[in-house]
Amino acid sequence: MVSSYMAERTQRTSSMGPRSPRPATQPCEARTLRVKMVLLGSSGVGKSSLALRFSKDEFKGTSPTVGCAYLTQVVCLSDATLRFEIWDTAGQEKFHSVTPLYYRGAHAALVVYDISKRESFTRAQLWLRELEKHFVPGSTVMALVGNKGDLSELRQVTVQDGQRLAIDKGLLFMETSAKSGNQVSELLLAIAHRVKRSLSEQQGCLTEWQEKELVELSSSATEQNPLASCCPA
């Protein structure tokens with residue numbers, strides 16, 4: 001179930017106000033775990049923009065993804081460091097048959113829709129049903145993400161619509177704006193905490209990252225500022 005905290009936080013930020021600055025940084029835990037996270041949803045909902053914002057804190061106008069794109073990001077918690085491998089999958093129908101190859105073995109899955117397009121919300125429900133065929137409940141952290149919060153004046157999907165679906169499916173829910181960056185780092189941090197908790201409950205489904213030369217952990221990264229620098233995609 002979506003926690004009351006997350007629901008309250010979403011309601012407070014649904015207006016998609018100015019993005020708050022990132023907190024100051026502190027040293028990061030050296031133990032690094034590999035986390036595969038996939039972004040799913042219809043074409044044009046902003047999956048690639050979210051992935052880029054997650055990874056590099058940038059926004060660029062992008063063309064529809066063909067196949068799959070891959071980015072990385074490091075999140076530092078108090079007792080572990082999670083190296084996210086972010087898989088941005090194509091949303092076009094012709095790629096649906098190959099998409100399961102990309103999200104197989106994922107530790108986290110984000111189903112993204114555009115709050116200004118009702119059809120994308122309907123499609124998100126189909127993506128969720130698809131995920132239910134492949135994942136055992138509780139084995140993968142799943143989130144429903146209403147993106148393009150900066151288009152609130154064109155909203156066709158209410159915050160309550162998203163919350164109801166998330167509660168019904170037992171998902172984390174948050175609205176974001178990849179364009180402004182609002183709620184993006186908060187979303188990734190919330191996912192990191194849930195993945196870490198899932199790891200503890202399942203006693204080691206994640207593997208420690210061994211290729212340390214590929215990971216550059218900033219000496220000033222912290223749980224308060226979870227988005228540390230990492231290698232380029």
# chains A, B, ... in the order shown; residues from 1 in each chain; ligands from 1
>>> select_by_dssp(residues="region 59-201 of chain A", states="helix (DSSP H, G or I)", output="ChimeraX atom specification")
/A:93-95,99-103,118-134,149-154,159-169,184-201
>>> residues_around(residues="Val112 (chain A)", least_positions_apart="2", cutoff="9 Å", atoms="only C-alpha atoms", output="JSON, numbers by chain")
{"A": [39, 40, 41, 42, 45, 46, 47, 110, 114, 120, 121, 124, 143, 144, 145, 146, 147]}
>>> write_last_selection(atoms="C-alpha atoms", output="tab-separated table (two decimals), in the first residue's frame")
chain	number	residue	atom	x	y	z
A	39	LEU	CA	11.02	2.79	-17.06
A	40	LEU	CA	7.87	1.67	-18.86
A	41	GLY	CA	4.97	3.55	-20.42
A	42	SER	CA	3.58	4.90	-23.65
A	45	VAL	CA	5.30	10.39	-21.66
A	46	GLY	CA	8.83	11.53	-20.83
A	47	LYS	CA	10.62	8.31	-19.86
A	110	LEU	CA	8.49	2.64	-12.96
A	114	ASP	CA	1.66	11.98	-18.90
A	120	SER	CA	-1.33	7.47	-21.43
A	121	PHE	CA	-2.89	6.81	-18.01
A	124	ALA	CA	-0.22	2.70	-17.88
A	143	ALA	CA	6.06	2.85	-8.82
A	144	LEU	CA	3.39	4.74	-10.72
A	145	VAL	CA	4.72	8.09	-11.95
A	146	GLY	CA	2.63	10.95	-13.28
A	147	ASN	CA	5.11	12.97	-15.33
>>> closest_atom_pairs(of="region 122-160 of chain A", to="region 165-171 of chain A", cutoff="12 Å", atoms="only C-alpha atoms", output="JSON lines")
{"residue": "A:Thr122", "atom": "CA", "partner": "A:Leu165", "partner_atom": "CA", "distance": 10.6}
{"residue": "A:Ala124", "atom": "CA", "partner": "A:Leu165", "partner_atom": "CA", "distance": 10.0}
{"residue": "A:Gln125", "atom": "CA", "partner": "A:Leu165", "partner_atom": "CA", "distance": 8.3}
{"residue": "A:Leu126", "atom": "CA", "partner": "A:Leu165", "partner_atom": "CA", "distance": 11.9}
{"residue": "A:Leu128", "atom": "CA", "partner": "A:Lys169", "partner_atom": "CA", "distance": 8.5}
{"residue": "A:Arg129", "atom": "CA", "partner": "A:Lys169", "partner_atom": "CA", "distance": 9.8}
{"residue": "A:Leu131", "atom": "CA", "partner": "A:Lys169", "partner_atom": "CA", "distance": 11.3}
{"residue": "A:Glu132", "atom": "CA", "partner": "A:Lys169", "partner_atom": "CA", "distance": 9.8}
{"residue": "A:Pro137", "atom": "CA", "partner": "A:Gly170", "partner_atom": "CA", "distance": 9.2}
{"residue": "A:Gly138", "atom": "CA", "partner": "A:Gly170", "partner_atom": "CA", "distance": 9.4}
{"residue": "A:Thr140", "atom": "CA", "partner": "A:Leu171", "partner_atom": "CA", "distance": 10.4}
{"residue": "A:Val141", "atom": "CA", "partner": "A:Leu171", "partner_atom": "CA", "distance": 7.9}
{"residue": "A:Met142", "atom": "CA", "partner": "A:Leu171", "partner_atom": "CA", "distance": 5.6}
{"residue": "A:Ala143", "atom": "CA", "partner": "A:Leu171", "partner_atom": "CA", "distance": 5.2}
{"residue": "A:Leu144", "atom": "CA", "partner": "A:Ala166", "partner_atom": "CA", "distance": 6.4}
{"residue": "A:Val145", "atom": "CA", "partner": "A:Ala166", "partner_atom": "CA", "distance": 9.4}
{"residue": "A:Gly146", "atom": "CA", "partner": "A:Ala166", "partner_atom": "CA", "distance": 10.9}
{"residue": "A:Val157", "atom": "CA", "partner": "A:Leu165", "partner_atom": "CA", "distance": 11.4}
{"residue": "A:Thr158", "atom": "CA", "partner": "A:Leu165", "partner_atom": "CA", "distance": 11.2}
{"residue": "A:Val159", "atom": "CA", "partner": "A:Leu165", "partner_atom": "CA", "distance": 10.2}
{"residue": "A:Gln160", "atom": "CA", "partner": "A:Leu165", "partner_atom": "CA", "distance": 8.6}
>>> atom_distance(atom1="CA of Glu186 (chain A)", atom2="CA of Leu52 (chain A)")
15.0 Å
>>> atom_distance(atom1="CA of Ser180 (chain A)", atom2="CA of Lys117 (chain A)")
18.5 Å
>>> atom_distance(atom1="CA of Ala178 (chain A)", atom2="CA of Lys133 (chain A)")
28.8 Å
>>> closest_residue(among="A:Ala80, A:Ile86, A:Met174, A:Leu188", to="Ser200 (chain A)", atoms="only C-alpha atoms")
A:Ala80
>>> residues_around(residues="region 102-109 of chain A", least_positions_apart="4", cutoff="10 Å", atoms="only C-alpha atoms", output="PyMOL selection string")
chain A and resi 34-40+67-68+84-89+98+128+131+134-135+139-144+191-192+194-196+198-199+205-206
>>> write_last_selection(atoms="N, CA and C atoms", output="mmCIF file, in the first residue's frame")
data_model
loop_
_atom_site.group_PDB
_atom_site.id
_atom_site.type_symbol
_atom_site.label_atom_id
_atom_site.label_comp_id
_atom_site.auth_asym_id
_atom_site.auth_seq_id
_atom_site.Cartn_x
_atom_site.Cartn_y
_atom_site.Cartn_z
ATOM 1 N N ARG A 34 24.341 -3.248 -6.963
ATOM 2 C CA ARG A 34 23.806 -3.055 -8.312
ATOM 3 C C ARG A 34 22.278 -3.145 -8.280
ATOM 4 N N VAL A 35 21.602 -2.169 -8.872
ATOM 5 C CA VAL A 35 20.142 -2.149 -8.925
ATOM 6 C C VAL A 35 19.698 -1.896 -10.363
ATOM 7 N N LYS A 36 18.941 -2.813 -10.914
ATOM 8 C CA LYS A 36 18.385 -2.610 -12.251
ATOM 9 C C LYS A 36 17.002 -1.986 -12.125
ATOM 10 N N MET A 37 16.809 -0.838 -12.768
ATOM 11 C CA MET A 37 15.522 -0.145 -12.742
ATOM 12 C C MET A 37 15.073 0.130 -14.172
ATOM 13 N N VAL A 38 13.820 -0.199 -14.481
ATOM 14 C CA VAL A 38 13.301 0.006 -15.830
ATOM 15 C C VAL A 38 12.175 1.028 -15.804
ATOM 16 N N LEU A 39 12.087 1.816 -16.878
ATOM 17 C CA LEU A 39 11.022 2.787 -17.060
ATOM 18 C C LEU A 39 10.125 2.301 -18.186
ATOM 19 N N LEU A 40 8.838 2.175 -17.897
ATOM 20 C CA LEU A 40 7.873 1.674 -18.861
ATOM 21 C C LEU A 40 6.748 2.689 -19.027
ATOM 22 N N GLY A 67 14.027 0.871 -29.155
ATOM 23 C CA GLY A 67 14.690 -0.221 -28.446
ATOM 24 C C GLY A 67 14.842 0.106 -26.980
ATOM 25 N N CYS A 68 16.083 0.366 -26.538
ATOM 26 C CA CYS A 68 16.327 0.620 -25.124
ATOM 27 C C CYS A 68 17.561 1.486 -24.956
ATOM 28 N N PHE A 84 22.328 2.498 -9.562
ATOM 29 C CA PHE A 84 21.173 2.233 -10.407
ATOM 30 C C PHE A 84 21.590 2.109 -11.869
ATOM 31 N N GLU A 85 21.154 1.032 -12.495
ATOM 32 C CA GLU A 85 21.262 0.870 -13.944
ATOM 33 C C GLU A 85 19.867 1.159 -14.491
ATOM 34 N N ILE A 86 19.700 2.295 -15.140
ATOM 35 C CA ILE A 86 18.385 2.796 -15.531
ATOM 36 C C ILE A 86 18.127 2.450 -16.994
ATOM 37 N N TRP A 87 17.144 1.601 -17.213
ATOM 38 C CA TRP A 87 16.809 1.145 -18.558
ATOM 39 C C TRP A 87 15.568 1.890 -19.039
ATOM 40 N N ASP A 88 15.746 2.673 -20.084
ATOM 41 C CA ASP A 88 14.656 3.438 -20.695
ATOM 42 C C ASP A 88 14.148 2.653 -21.894
ATOM 43 N N THR A 89 12.968 2.064 -21.765
ATOM 44 C CA THR A 89 12.446 1.187 -22.812
ATOM 45 C C THR A 89 11.500 1.926 -23.744
ATOM 46 N N VAL A 98 9.426 -7.288 -27.254
ATOM 47 C CA VAL A 98 10.811 -7.433 -26.805
ATOM 48 C C VAL A 98 11.057 -6.761 -25.464
ATOM 49 N N LEU A 128 0.886 -2.068 -16.222
ATOM 50 C CA LEU A 128 0.881 -2.668 -14.886
ATOM 51 C C LEU A 128 0.409 -4.113 -14.942
ATOM 52 N N LEU A 131 3.231 -6.187 -16.175
ATOM 53 C CA LEU A 131 4.236 -6.434 -15.141
ATOM 54 C C LEU A 131 3.783 -7.514 -14.169
ATOM 55 N N HIS A 134 4.883 -10.992 -14.824
ATOM 56 C CA HIS A 134 6.306 -11.334 -14.777
ATOM 57 C C HIS A 134 6.934 -11.219 -13.394
ATOM 58 N N PHE A 135 6.290 -10.500 -12.476
ATOM 59 C CA PHE A 135 6.898 -10.278 -11.168
ATOM 60 C C PHE A 135 6.020 -10.815 -10.050
ATOM 61 N N SER A 139 8.475 -8.752 -4.835
ATOM 62 C CA SER A 139 9.842 -9.054 -5.260
ATOM 63 C C SER A 139 10.491 -7.897 -6.000
ATOM 64 N N THR A 140 9.678 -7.006 -6.536
ATOM 65 C CA THR A 140 10.169 -5.856 -7.291
ATOM 66 C C THR A 140 9.480 -4.599 -6.794
ATOM 67 N N VAL A 141 10.249 -3.555 -6.569
ATOM 68 C CA VAL A 141 9.673 -2.275 -6.172
ATOM 69 C C VAL A 141 9.030 -1.654 -7.407
ATOM 70 N N MET A 142 7.746 -1.349 -7.317
ATOM 71 C CA MET A 142 7.026 -0.792 -8.456
ATOM 72 C C MET A 142 6.462 0.574 -8.095
ATOM 73 N N ALA A 143 6.542 1.490 -9.049
ATOM 74 C CA ALA A 143 6.059 2.853 -8.819
ATOM 75 C C ALA A 143 5.237 3.319 -10.010
ATOM 76 N N LEU A 144 4.198 4.080 -9.708
ATOM 77 C CA LEU A 144 3.385 4.741 -10.723
ATOM 78 C C LEU A 144 3.785 6.210 -10.716
ATOM 79 N N ILE A 191 12.540 5.267 -4.034
ATOM 80 C CA ILE A 191 12.736 3.948 -4.635
ATOM 81 C C ILE A 191 13.950 3.266 -4.022
ATOM 82 N N ALA A 192 15.025 4.018 -3.821
ATOM 83 C CA ALA A 192 16.239 3.449 -3.236
ATOM 84 C C ALA A 192 15.962 2.868 -1.857
ATOM 85 N N ARG A 194 13.117 1.761 -0.705
ATOM 86 C CA ARG A 194 12.277 0.570 -0.822
ATOM 87 C C ARG A 194 13.064 -0.619 -1.366
ATOM 88 N N VAL A 195 13.954 -0.369 -2.305
ATOM 89 C CA VAL A 195 14.799 -1.453 -2.820
ATOM 90 C C VAL A 195 15.689 -1.992 -1.711
ATOM 91 N N LYS A 196 16.273 -1.092 -0.937
ATOM 92 C CA LYS A 196 17.140 -1.516 0.167
ATOM 93 C C LYS A 196 16.347 -2.327 1.187
ATOM 94 N N SER A 198 13.631 -4.051 0.562
ATOM 95 C CA SER A 198 13.333 -5.323 -0.093
ATOM 96 C C SER A 198 14.530 -6.253 -0.027
ATOM 97 N N LEU A 199 15.722 -5.695 -0.196
ATOM 98 C CA LEU A 199 16.953 -6.480 -0.087
ATOM 99 C C LEU A 199 17.070 -7.108 1.289
ATOM 100 N N CYS A 205 18.997 -10.340 -2.514
ATOM 101 C CA CYS A 205 18.707 -10.545 -3.928
ATOM 102 C C CYS A 205 19.533 -9.617 -4.811
ATOM 103 N N LEU A 206 20.156 -8.590 -4.219
ATOM 104 C CA LEU A 206 21.038 -7.714 -4.982
ATOM 105 C C LEU A 206 22.469 -8.209 -4.857
#
>>> select_by_dssp(residues="region 34-216 of chain A", states="strand (DSSP E)", output="PyMOL selection string")
chain A and resi 34-41+68-76+81-89+108-114+141-147+172-175
